[in-house]
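> Below is one structure. I have some questions about it.
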Amino acid sequence: PDAFLSVRDLRVHFSTEDGLVKAVDGLSFDLERGQTLGIVGESGSGKSVTNLSILGLHNPQSSTITGEILLDGQDLTDASDKELEKLRGNKMAMIFQDALTALSPYYTVGRQIAEPYMKHTGASKKEARARAVEMLGKVGIPDPKNRVDDYPHQFSGGMRQRAMIAMSLVCNPELLIADEPTTALDVTVQAQILDLLKDLQQEFGSAIILITHDLGVVANVADDLLVMYAGRAVERGSVREVLKRPEHPYTWGLLGSMPRLASDVSEPLRPIPGSPPSLLNPPAGCAFNPRCDYVDLVGGGRCTSERPLLPAGRGSACHLEAERKQQVFIEKIQPR
Ligand code: SF4
Ligand code: MG
């Protein structure tokens, strides 16, 4: 049987004046209800386009999409605008990085939470207002009865983020996509918001996709992890497996640029040298090869000629032999 969300060989290609941009190029993953999948990568890795295309918001006029996005058995790549409209904010919802882009400054917070509820459930104004108060309470806004008629600018940044989460969750979505939901917030509020998402997931049983460039964010929240690079998944596994024994040199790089906890705080961050490749003309073979320190360990020029494939289940898309990966990781990468 299919997973609740099953993405199969998804390709999202944009035609531009300069040529074809393969923003997502052959991505597959599964997600079950009540589970959280972290999708990690730098900007331009395809993580945001993937999720916009699940919601049907990938700018369909200028792109072609192939493959399947099966949500509860329905292929969203074949869904009409009308069908997608019915699903968005209802069966699936999105939490954005910046609440100010999702909330209108002209309407009260309560009205903006109530509106999708009325639209999708047919509730009356009065019922929807009561629901808005209830949701503000659930996301931890103190004294929600007296805050429901406030405008977004009367809320702090953290409270706005909570209000947006309330808006996203008001129809009990079964799939929640959170794109860098805490990046704009300070560390304490970040932790509170992530805790909140976990609590709400327990209550609603939603499947969550958490998109981030920060492995630290997914470490505490996600069950499974997908590392994306240049429009493809390069590593997949449970969060525990990937963080304990990461296999792909790109994932090693991400770990190096992750703030260390406790004892190692003085150690400077080591960003991955170089920058992500152009998606117009990605390097032949492994797209990571211009930035990879381990090309010579593979031999035969395979890294620059042959595209490594990601196996199903736990694994990574890299030509390095398994024993070599372990050896390099233990000797060079693993934090002492
Ligand atoms: Fe590095 Fe080669 Fe592995 Fe790509 S396939 S990550 S270039 S070792
Ligand atoms: Mg299709």
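Going by the structure tokens order, chains are called A, B, ..., each with residues numbered from 1, while ligands are numbered from 1 in the order shown.
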Which residues come within 6 Å of region 54-65 of chain A, counting only C-alpha atoms, excluding same-chain residues fewer than 5 positions away, as a PyMOL selection string?
chain A and resi 11-14
> Could you give me, as a PyMOL selection string, every polymer residue with an atom at most 8 Å away from an atom of ligand 2, counting only C-alpha atoms and all ligand atoms?
chain A and resi 65-69+75-78
> Considering only C-alpha atoms and all ligand atoms, can you say which of A:Leu254, A:Val234, A:Val239, A:Leu226 comes closest to ligand 1?
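Ranked by minimum distance to ligand 1, first place goes to A:Val234.
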> A:Val7, A:Leu279, A:Ser124, A:Thr36: which is nearest Gly73 (chain A), counting only C-alpha atoms?
A:Val7
> Could you tell me how far CA of Ala166 (chain A) sits from CA of Tyr117 (chain A), in Å to one decimal place?
10.9 Å
> Neighbouring residues of ligand 1 are defined here as those with any atom at most 7 Å from a ligand atom, counting only C-alpha atoms and all ligand atoms; list them as an MDAnalysis selection string.
chainID A and resid 248:250 286:289 292:295 297:298 303 308 317:320
> Rounded to one decimal, what separation in Å do you get between CA of Lys82 (chain A) and CA of Pro152 (chain A)?
29.3 Å
> Taking the DSSP secondary structure from the backbone, can you list the residues of region 125-221 of chain A that are strand (DSSP E), as a tab-separated table (two decimals) with C-alpha atoms, in the first residue's frame?

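Okay, out.tsv is ready:
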```tsv
chain	number	residue	atom	x	y	z
A	175	LEU	CA	-0.16	17.37	5.76
A	176	LEU	CA	1.70	20.38	7.07
A	177	ILE	CA	4.63	21.87	5.20
A	178	ALA	CA	6.84	24.18	7.24
A	179	ASP	CA	9.45	26.08	5.22
A	207	ALA	CA	2.34	14.47	8.65
A	208	ILE	CA	4.91	17.27	8.64
A	209	ILE	CA	7.57	18.23	6.13
A	210	LEU	CA	10.10	20.51	7.76
A	211	ILE	CA	12.30	22.34	5.29
A	212	THR	CA	15.48	23.89	6.61
```
> Which residue, A:Leu71, A:Gly256, A:Ala230, A:Arg291, has the smallest gap to Ala23 (chain A) when you use only C-alpha atoms?
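Of A:Leu71, A:Gly256, A:Ala230, A:Arg291, the one nearest Ala23 (chain A) is A:Ala230, counting only C-alpha atoms.
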> Closest to Arg160 (chain A) among A:Ser104, A:Ser316, A:Gln35, A:Asn172, using only C-alpha atoms?
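The closest residue to Arg160 (chain A) is A:Ser104.
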